[in-house]
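J.: Pasting my_file.txt below, which is compact mmCIF, C-alpha atoms and all ligand atoms.
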```txt
# COMPACT_ATOMS: atom_id res chain seq x y z
CA MET A 175 -20.60 -26.25 -13.58
CA ILE A 176 -17.28 -25.29 -15.20
CA ALA A 177 -18.48 -21.68 -15.52
CA GLU A 178 -19.24 -21.61 -11.78
CA ALA A 179 -15.87 -23.08 -10.85
CA MET A 180 -14.15 -20.42 -12.99
CA GLN A 181 -16.09 -17.59 -11.31
CA PRO A 182 -13.34 -16.58 -8.84
CA MET A 183 -11.02 -15.94 -11.78
CA ALA A 184 -13.54 -13.86 -13.75
CA SER A 185 -12.87 -10.11 -13.94
CA ARG A 186 -15.57 -7.47 -13.73
CA PRO A 187 -15.35 -4.71 -16.36
CA PHE A 188 -14.60 -1.23 -14.98
CA ARG A 189 -14.43 1.99 -17.01
CA ILE A 190 -11.61 4.47 -16.38
CA ASP A 191 -13.34 7.63 -15.20
CA ARG A 192 -10.16 9.63 -14.44
CA PHE A 193 -6.55 8.95 -15.36
CA TRP A 194 -3.64 11.17 -14.32
CA LYS A 195 0.13 11.10 -13.83
CA GLU A 196 1.47 11.19 -10.27
CA THR A 197 5.17 11.21 -11.29
CA TYR A 198 7.18 10.54 -14.47
CA ASP A 199 6.66 6.74 -14.07
CA THR A 200 3.59 6.49 -11.83
CA PHE A 201 -0.06 7.15 -12.58
CA SER A 202 -3.41 6.86 -10.82
CA MET A 203 -6.82 5.97 -12.17
CA GLU A 204 -10.36 6.05 -10.86
CA LEU A 205 -12.52 3.17 -12.04
CA MET A 206 -16.30 2.82 -12.22
CA PRO A 207 -18.00 -0.62 -12.40
CA LEU A 208 -19.93 -1.25 -15.62
CA ASP A 209 -22.08 -4.03 -14.15
CA GLY A 210 -24.03 -1.75 -11.80
CA HIS A 211 -22.80 -3.47 -8.62
CA THR A 212 -21.00 -1.41 -6.01
CA PHE A 213 -17.47 -1.99 -4.73
CA SER A 214 -16.17 -1.92 -1.18
CA PHE A 215 -12.81 -2.77 0.31
CA GLU A 216 -10.72 -2.55 3.45
CA PRO A 217 -7.46 -0.53 3.66
CA GLY A 218 -4.50 -2.64 2.51
CA GLN A 219 -6.43 -4.95 0.18
CA PHE A 220 -5.52 -5.34 -3.48
CA ASN A 221 -7.21 -6.11 -6.80
CA MET A 222 -6.03 -8.16 -9.74
CA LEU A 223 -6.18 -5.68 -12.65
CA TYR A 224 -6.49 -7.14 -16.13
CA VAL A 225 -5.67 -5.26 -19.30
CA TRP A 226 -6.84 -6.91 -22.48
CA GLY A 227 -3.91 -7.92 -24.65
CA ALA A 228 -1.34 -7.38 -21.89
CA GLY A 229 -2.13 -9.48 -18.79
CA GLU A 230 -3.09 -9.27 -15.14
CA VAL A 231 -1.21 -7.80 -12.15
CA PRO A 232 -1.91 -7.35 -8.41
CA ILE A 233 -2.31 -3.67 -7.48
CA SER A 234 -3.25 -2.28 -4.06
CA ILE A 235 -6.31 -0.11 -3.71
CA SER A 236 -5.05 3.40 -2.99
CA GLY A 237 -8.32 5.32 -2.57
CA ASN A 238 -10.61 6.24 0.28
CA PRO A 239 -12.46 3.33 1.93
CA THR A 240 -15.11 5.74 3.23
CA LYS A 241 -15.91 6.79 -0.39
CA ASN A 242 -16.10 3.33 -1.80
CA HIS A 243 -18.18 4.24 -4.86
CA ILE A 244 -14.83 5.29 -6.38
CA LEU A 245 -12.15 2.66 -6.91
CA THR A 246 -8.65 4.18 -7.10
CA HIS A 247 -5.37 2.53 -8.02
CA THR A 248 -1.87 4.00 -8.25
CA VAL A 249 0.56 2.11 -10.47
CA ARG A 250 4.27 2.38 -11.16
CA ALA A 251 5.12 1.36 -14.73
CA VAL A 252 7.92 -1.18 -14.26
CA GLY A 253 7.30 -3.99 -16.76
CA SER A 254 5.16 -5.38 -19.54
CA VAL A 255 1.66 -5.06 -18.04
CA THR A 256 2.14 -1.89 -16.03
CA LYS A 257 3.86 -0.10 -18.96
CA PHE A 258 0.93 -1.06 -21.19
CA MET A 259 -1.45 0.22 -18.49
CA ALA A 260 0.40 3.54 -18.39
CA ASN A 261 -0.91 4.22 -21.93
CA LEU A 262 -4.57 3.74 -21.03
CA LYS A 263 -6.90 6.75 -21.02
CA LYS A 264 -10.31 7.89 -19.81
CA ASN A 265 -13.16 5.56 -20.87
CA ASP A 266 -10.87 2.58 -21.55
CA ILE A 267 -11.99 -0.67 -19.89
CA VAL A 268 -9.99 -2.57 -17.24
CA GLY A 269 -10.91 -5.98 -15.77
CA VAL A 270 -11.00 -6.07 -11.96
CA ARG A 271 -10.97 -9.09 -9.63
CA GLY A 272 -11.05 -8.53 -5.89
CA PRO A 273 -10.74 -7.09 -3.38
CA TYR A 274 -8.33 -9.69 -2.01
CA GLY A 275 -6.01 -10.12 0.93
CA VAL A 276 -5.69 -9.36 4.63
CA PRO A 277 -6.13 -5.63 5.39
CA TRP A 278 -4.26 -3.32 7.80
CA PRO A 279 -5.67 -3.82 11.33
CA VAL A 280 -7.12 -0.30 11.51
CA ALA A 281 -10.22 -1.15 13.58
CA GLU A 282 -8.13 -3.19 16.07
CA ALA A 283 -5.81 -0.18 16.36
CA HIS A 284 -8.50 2.05 17.93
CA GLY A 285 -7.16 3.65 21.09
CA HIS A 286 -3.52 3.47 19.93
CA ASP A 287 -0.93 5.91 18.59
CA ILE A 288 -0.27 5.18 14.92
CA VAL A 289 3.00 5.43 13.07
CA ILE A 290 2.86 4.99 9.30
CA ILE A 291 6.24 4.48 7.65
CA CYS A 292 6.43 4.10 3.90
CA GLY A 293 8.89 4.18 1.04
CA GLY A 294 8.17 4.96 -2.63
CA ILE A 295 5.03 3.33 -4.05
CA GLY A 296 4.50 1.86 -0.53
CA LEU A 297 2.48 4.97 0.26
CA ALA A 298 -0.26 3.74 -2.13
CA PRO A 299 -1.45 0.76 0.01
CA LEU A 300 -1.10 2.84 3.18
CA ARG A 301 -3.12 5.82 1.94
CA PRO A 302 -6.51 4.06 2.52
CA ALA A 303 -5.40 3.29 6.11
CA LEU A 304 -4.59 6.96 6.66
CA TYR A 305 -7.97 8.00 5.18
CA TYR A 306 -9.69 5.59 7.58
CA ILE A 307 -7.68 6.86 10.57
CA LEU A 308 -8.36 10.52 9.75
CA HIS A 309 -12.06 9.75 9.18
CA HIS A 310 -12.18 8.23 12.69
CA ARG A 311 -9.62 10.67 14.12
CA GLU A 312 -11.13 10.74 17.63
CA LYS A 313 -10.55 6.99 18.01
CA PHE A 314 -6.75 7.29 17.76
CA GLY A 315 -3.96 8.87 19.79
CA LYS A 316 -0.96 10.52 18.12
CA ILE A 317 -0.52 10.02 14.37
CA LEU A 318 2.89 10.18 12.75
CA MET A 319 3.67 9.55 9.09
CA LEU A 320 7.24 9.16 7.80
CA TYR A 321 7.62 8.95 4.02
CA GLY A 322 10.76 8.43 1.98
CA ALA A 323 11.18 8.65 -1.80
CA ARG A 324 14.24 8.15 -4.00
CA THR A 325 14.24 11.77 -5.28
CA PRO A 326 11.81 14.73 -5.04
CA ASP A 327 10.49 13.72 -8.50
CA ASP A 328 9.54 10.27 -7.17
CA MET A 329 7.33 11.65 -4.41
CA LEU A 330 3.68 10.58 -4.64
CA TYR A 331 0.55 12.59 -3.77
CA VAL A 332 2.54 15.80 -3.30
CA LYS A 333 -0.48 18.12 -2.84
CA GLU A 334 -2.10 15.74 -0.37
CA LEU A 335 1.15 15.41 1.60
CA GLU A 336 1.12 19.22 1.92
CA GLN A 337 -2.47 19.11 3.22
CA TRP A 338 -1.59 16.40 5.75
CA ARG A 339 1.47 18.39 6.83
CA GLY A 340 -0.79 21.37 7.44
CA ARG A 341 -3.06 19.47 9.88
CA PHE A 342 -2.63 20.16 13.57
CA ASP A 343 -3.72 16.64 14.60
CA MET A 344 -1.00 14.62 12.87
CA HIS A 345 2.68 14.91 12.06
CA VAL A 346 4.12 14.23 8.60
CA SER A 347 7.83 14.09 7.84
CA VAL A 348 9.30 13.36 4.40
CA THR A 349 12.79 12.62 3.15
CA VAL A 350 14.52 11.78 -0.13
CA ASP A 351 17.55 9.58 -0.78
CA ARG A 352 18.99 12.05 -3.30
CA ALA A 353 18.13 15.71 -3.76
CA ASP A 354 18.88 18.55 -6.16
CA ALA A 355 19.59 22.18 -5.19
CA SER A 356 15.88 23.06 -5.19
CA TRP A 357 15.06 20.58 -2.38
CA ARG A 358 14.82 22.24 1.03
CA GLY A 359 13.79 19.17 3.05
CA ASN A 360 15.47 16.16 4.64
CA VAL A 361 17.93 13.98 2.74
CA GLY A 362 18.51 10.40 3.89
CA VAL A 363 16.72 7.09 4.17
CA VAL A 364 13.38 7.01 5.95
CA THR A 365 14.86 5.45 9.11
CA SER A 366 17.04 8.58 9.49
CA LEU A 367 13.85 10.47 10.47
CA MET A 368 13.08 8.17 13.37
CA PRO A 369 15.47 9.50 16.08
CA ARG A 370 13.53 12.81 16.07
CA PHE A 371 10.42 11.11 17.42
CA HIS A 372 9.42 9.47 20.65
CA PHE A 373 7.26 6.38 20.37
CA ASP A 374 5.19 5.17 23.29
CA ARG A 375 6.39 1.57 23.59
CA GLU A 376 3.06 -0.02 24.42
CA MET A 377 0.62 2.40 22.79
CA THR A 378 2.16 2.52 19.31
CA ILE A 379 1.02 0.47 16.34
CA ALA A 380 3.21 0.75 13.26
CA LEU A 381 2.10 0.15 9.66
CA VAL A 382 5.05 -0.21 7.27
CA CYS A 383 5.23 -0.61 3.49
CA GLY A 384 8.03 -0.14 0.99
CA PRO A 385 10.93 -2.06 -0.54
CA GLU A 386 11.68 -5.17 1.53
CA ILE A 387 15.10 -3.95 2.65
CA MET A 388 13.58 -0.65 3.84
CA MET A 389 10.88 -2.53 5.78
CA ARG A 390 13.45 -4.81 7.38
CA TYR A 391 15.55 -1.92 8.75
CA THR A 392 12.48 0.09 9.75
CA LEU A 393 10.96 -2.78 11.70
CA LEU A 394 14.28 -3.64 13.38
CA GLU A 395 14.61 0.01 14.41
CA LEU A 396 11.06 0.14 15.78
CA SER A 397 11.51 -3.05 17.77
CA LYS A 398 14.87 -1.77 19.13
CA ARG A 399 12.91 1.20 20.47
CA GLY A 400 10.82 -1.24 22.44
CA ILE A 401 7.65 -1.24 20.36
CA MET A 402 6.09 -4.64 20.79
CA GLU A 403 6.59 -6.87 17.75
CA GLU A 404 2.92 -7.84 17.83
CA ASN A 405 2.14 -4.15 17.19
CA LEU A 406 4.26 -3.96 14.02
CA TYR A 407 2.62 -4.69 10.66
CA LEU A 408 4.01 -4.77 7.13
CA SER A 409 2.69 -5.42 3.64
CA MET A 410 4.62 -7.96 1.54
CA GLU A 411 4.85 -8.29 -2.24
CA ARG A 412 5.48 -11.41 -4.26
CA ASN A 413 4.69 -12.38 -7.84
CA MET A 414 1.06 -13.42 -8.09
CA LYS A 415 -1.05 -15.20 -10.66
CA CYS A 416 -4.39 -16.25 -9.15
CA GLY A 417 -4.59 -13.92 -6.13
CA ILE A 418 -6.79 -16.42 -4.28
CA GLY A 419 -4.46 -19.08 -2.88
CA VAL A 420 -4.78 -21.62 -5.71
CA CYS A 421 -1.71 -21.42 -7.95
CA GLY A 422 1.13 -21.27 -5.40
CA HIS A 423 3.00 -18.49 -7.24
CA CYS A 424 3.16 -16.28 -4.17
CA GLN A 425 4.12 -19.03 -1.72
CA PHE A 426 6.37 -17.87 1.10
CA ARG A 427 7.18 -20.99 3.18
CA HIS A 428 3.84 -22.02 4.67
CA PHE A 429 2.14 -18.74 3.72
CA PHE A 430 0.48 -17.65 0.49
CA ILE A 431 1.01 -13.87 0.36
CA CYS A 432 -2.24 -13.39 -1.59
CA LYS A 433 -4.51 -14.90 1.07
CA ASP A 434 -2.47 -14.98 4.32
CA GLY A 435 -1.22 -11.44 3.52
CA PRO A 436 -0.25 -9.09 2.01
CA VAL A 437 -0.46 -7.53 5.49
CA PHE A 438 1.36 -9.57 8.15
CA ARG A 439 2.21 -9.06 11.78
CA TYR A 440 6.00 -8.70 11.93
CA ASP A 441 6.64 -11.37 14.58
CA ARG A 442 4.91 -13.97 12.39
CA ILE A 443 7.22 -13.55 9.39
CA LYS A 444 10.37 -11.75 10.51
CA HIS A 445 12.47 -14.92 10.22
CA LEU A 446 11.41 -15.21 6.55
CA MET A 447 12.00 -11.65 5.39
CA LEU A 448 14.35 -11.06 2.45
CA ARG A 449 13.77 -14.59 1.16
CA ARG A 450 12.62 -14.48 -2.48
CA GLU A 451 11.20 -17.95 -2.85
CA LEU A 452 9.51 -20.71 -0.82
C1 LIG B 501 -0.21 -7.42 -3.09
C2 LIG B 501 0.51 -6.54 -4.08
C3 LIG B 501 0.15 -5.20 -4.20
C4 LIG B 501 0.80 -4.39 -5.11
N1 LIG B 501 0.41 -3.08 -5.20
C5 LIG B 501 0.98 -2.28 -6.12
C6 LIG B 501 0.55 -0.93 -6.28
O1 LIG B 501 -0.35 -0.44 -5.58
N2 LIG B 501 1.13 -0.21 -7.23
C7 LIG B 501 2.14 -0.71 -8.03
O2 LIG B 501 2.63 0.02 -8.90
N3 LIG B 501 2.58 -1.97 -7.89
C8 LIG B 501 2.01 -2.77 -6.97
N4 LIG B 501 2.44 -4.07 -6.85
C9 LIG B 501 3.53 -4.55 -7.70
C10 LIG B 501 2.98 -4.89 -9.08
O3 LIG B 501 2.10 -5.99 -8.99
C11 LIG B 501 4.14 -5.25 -10.01
O4 LIG B 501 4.93 -4.11 -10.22
C12 LIG B 501 3.58 -5.70 -11.35
O5 LIG B 501 3.04 -6.98 -11.17
C13 LIG B 501 4.64 -5.73 -12.38
O6 LIG B 501 4.05 -6.29 -13.53
P1 LIG B 501 4.60 -6.00 -14.99
O7 LIG B 501 3.99 -7.01 -15.91
O8 LIG B 501 4.38 -4.57 -15.33
O9 LIG B 501 6.14 -6.21 -14.82
P2 LIG B 501 7.00 -7.52 -15.20
O10 LIG B 501 7.31 -7.43 -16.65
O11 LIG B 501 6.34 -8.74 -14.69
O12 LIG B 501 8.27 -7.29 -14.28
C14 LIG B 501 8.99 -6.10 -14.16
C15 LIG B 501 10.02 -6.24 -13.05
O13 LIG B 501 9.39 -6.25 -11.77
C16 LIG B 501 9.61 -7.50 -11.12
N5 LIG B 501 8.32 -7.87 -10.51
C17 LIG B 501 7.17 -8.13 -11.15
N6 LIG B 501 6.17 -8.35 -10.26
C18 LIG B 501 6.73 -8.25 -9.04
C19 LIG B 501 6.23 -8.39 -7.73
N7 LIG B 501 4.95 -8.63 -7.47
N8 LIG B 501 7.09 -8.25 -6.73
C20 LIG B 501 8.37 -7.97 -6.95
N9 LIG B 501 8.91 -7.81 -8.16
C21 LIG B 501 8.11 -7.96 -9.20
C22 LIG B 501 10.05 -8.47 -12.17
O14 LIG B 501 10.88 -9.49 -11.64
C23 LIG B 501 10.81 -7.54 -13.12
O15 LIG B 501 12.10 -7.28 -12.64
C24 LIG B 501 1.82 -4.91 -5.93
C25 LIG B 501 2.19 -6.26 -5.83
C26 LIG B 501 1.54 -7.06 -4.91
C27 LIG B 501 1.93 -8.51 -4.80
S1 LIG B 502 -1.15 -15.88 -6.28
FE1 LIG B 502 -1.83 -17.90 -6.58
S2 LIG B 502 -1.55 -18.76 -4.60
FE2 LIG B 502 -1.13 -16.66 -4.28
```
Taking this structure as input, can you express it in the form of structure tokens?

T.:
Amino acid sequence: MIAEAMQPMASRPFRIDRFWKETYDTFSMELMPLDGHTFSFEPGQFNMLYVWGAGEVPISISGNPTKNHILTHTVRAVGSVTKFMANLKKNDIVGVRGPYGVPWPVAEAHGHDIVIICGGIGLAPLRPALYYILHHREKFGKILMLYGARTPDDMLYVKELEQWRGRFDMHVSVTVDRADASWRGNVGVVTSLMPRFHFDREMTIALVCGPEIMMRYTLLELSKRGIMEENLYLSMERNMKCGIGVCGHCQFRHFFICKDGPVFRYDRIKHLMLRREL
């Protein structure tokens, strides 16, 4: 009985099949389940990743939802668990619980133009949405991606960004907050890219992820341009422990980010943004 009740908190063992650095402080890993069961997820969902001896953290799934035999995560080493994780290697074992959370509304967005706006590690939870959209390209109108990183060295998925930039059926624009002499691209915050583009007020659905302050200004800017607030979505982060709406760690007024989010429609939470606690 107790074992059954504990089941939602039990991790499944996954073996690291590939492990590589994305930037000086960020790495990705591909994980294979050891229990023989498959894994599927929707873009925007996250897993609780457990490292023996270190602890458990929520991390978005950053891989391709149409190739769901491979589970991919991209992690920035910021604190005790993620720094420990940064020292893992191929064949090490990681515990995985999930997938959890409300995904990006990619199926509901069929027939719309899509604008993806992300900052820093915020590209990781949006990458599965872009894979889905490109896999079903004929179901969408225009696709625009705006990505901002702190410096050129902080930019994620550089080769893939180049491939996306080379496509004729989408537009990708990147910027950095601070550049060195070797950088030939845009310098400025991600919202500084927006005046170059026209957004169809009713047709556009925006998916936004990044630091909370960046999301706040981005969403304000998009709604000033007349895009309906019910077409603006963002992914929120808060400290999590259980990931399943039990412990209350991620409570955000009447929402639990782990089960009511992390993806929210902007009009439902805009009055709460930039609040840290309840
Ligand atoms: C739904 C969700 C998805 C996420 N997806 C990713 C992802 O794909 N890749 C990734 O690198 N990170 C992601 N994160 C953030 C990641 O969970 C935290 O960076 C991680 O928990 C930090 O753990 P730590 O033990 O390494 O750091 P700690 O030692 O706990 O803390 C390091 C610093 O980060 C702060 N911090 C810790 N956790 C959070 C948090 N959740 N929100 C805000 N500040 C925090 C602490 O206050 C401290 O200043 C996600 C978080 C959530 C809630
Ligand atoms: S993390 Fe426990 S309620 Fe959300």

J.: Taking every listed atom of ligand LIG 502 (chain B) and adding 6 Å to each side, what centre and edge lengths in Å (one decimal) does the axis-aligned box have, as JSON?

T.:
```
{"center_x": -1.5, "center_y": -17.3, "center_z": -5.4, "size_x": 12.7, "size_y": 14.9, "size_z": 14.3}
```

J.: If we count only C-alpha atoms and set the cut-off at 8 Å, which residues sit around Lys264 (chain A), ignoring sequence neighbours fewer than 6 positions away in its own chain? Please answer as a PyMOL selection string.

T.: chain A and resi 189-193

J.: For region 389-393 of chain A, work out the shell of residues within 9 Å, counting all atoms listed in the file and skipping chain neighbours fewer than 4 positions away, then give it as JSON, numbers by chain.

T.: {"A": [291, 292, 293, 364, 365, 368, 380, 382, 383, 384, 385, 397, 398, 403, 406, 407, 408, 409, 440, 444, 447, 448]}

J.: Please identify the residues whose atoms come within 9 Å of ligand LIG 501 (chain B), using all atoms listed in the file, and report them as a PyMOL selection string.

T.: chain A and resi 200-201+218-222+228-236+247-259+274-275+295-299+409-414+417+424+431-432+435-437+450

J.: Please measure the separation of CA of Gly272 (chain A) and CA of Trp226 (chain A), giving the value in Å to one decimal.

T.: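 Here the two named atoms are 17.2 Å from each other.
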
J.: From the set A:Pro182, A:Gly322, A:Gly210, A:Pro302, which residue has the shortest atom-to-atom contact distance to ligand LIG 502 (chain B), counting only C-alpha atoms and all ligand atoms?

T.: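 Going through A:Pro182, A:Gly322, A:Gly210, A:Pro302 one by one, the smallest distance to ligand LIG 502 (chain B) is for A:Pro182.
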
J.: For a quick check of understanding, using all atoms listed in the file, which of A:Arg271, A:Met319, A:Val348, A:Asn405 has the smallest distance to Val332 (chain A)?

T.: A:Val348

J.: Any idea what's packed within 12 Å of Asp327 (chain A), counting only C-alpha atoms, ignoring anything in its chain fewer than 4 positions away? Could you give it as a list in words?

T.: Lys195, Glu196, Thr197, Tyr198, Asp199, Thr200, Gly294, Gly322, Ala323, Tyr331, Val332, Thr349, Val350, Asp351, Arg352, Ala353, Asp354, Ser356 and Trp357 of chain A

J.: Would you list the residues near (12.2, 5.3, 19.2), meaning any protein, DNA or RNA residue with an atom at most 10 Å from that point in file coordinates, counting only C-alpha atoms, as a PDB file with C-alpha atoms, in the frame of the given file?

T.:
```pdb
ATOM      1  CA  MET A 368      13.080   8.170  13.370  1.00  0.00           C
ATOM      2  CA  PRO A 369      15.470   9.500  16.080  1.00  0.00           C
ATOM      3  CA  ARG A 370      13.530  12.810  16.070  1.00  0.00           C
ATOM      4  CA  PHE A 371      10.420  11.110  17.420  1.00  0.00           C
ATOM      5  CA  HIS A 372       9.420   9.470  20.650  1.00  0.00           C
ATOM      6  CA  PHE A 373       7.260   6.380  20.370  1.00  0.00           C
ATOM      7  CA  ASP A 374       5.190   5.170  23.290  1.00  0.00           C
ATOM      8  CA  ARG A 375       6.390   1.570  23.590  1.00  0.00           C
ATOM      9  CA  GLU A 395      14.610   0.010  14.410  1.00  0.00           C
ATOM     10  CA  LEU A 396      11.060   0.140  15.780  1.00  0.00           C
ATOM     11  CA  SER A 397      11.510  -3.050  17.770  1.00  0.00           C
ATOM     12  CA  LYS A 398      14.870  -1.770  19.130  1.00  0.00           C
ATOM     13  CA  ARG A 399      12.910   1.200  20.470  1.00  0.00           C
ATOM     14  CA  GLY A 400      10.820  -1.240  22.440  1.00  0.00           C
ATOM     15  CA  ILE A 401       7.650  -1.240  20.360  1.00  0.00           C
TER      16      ILE A 401
END
```
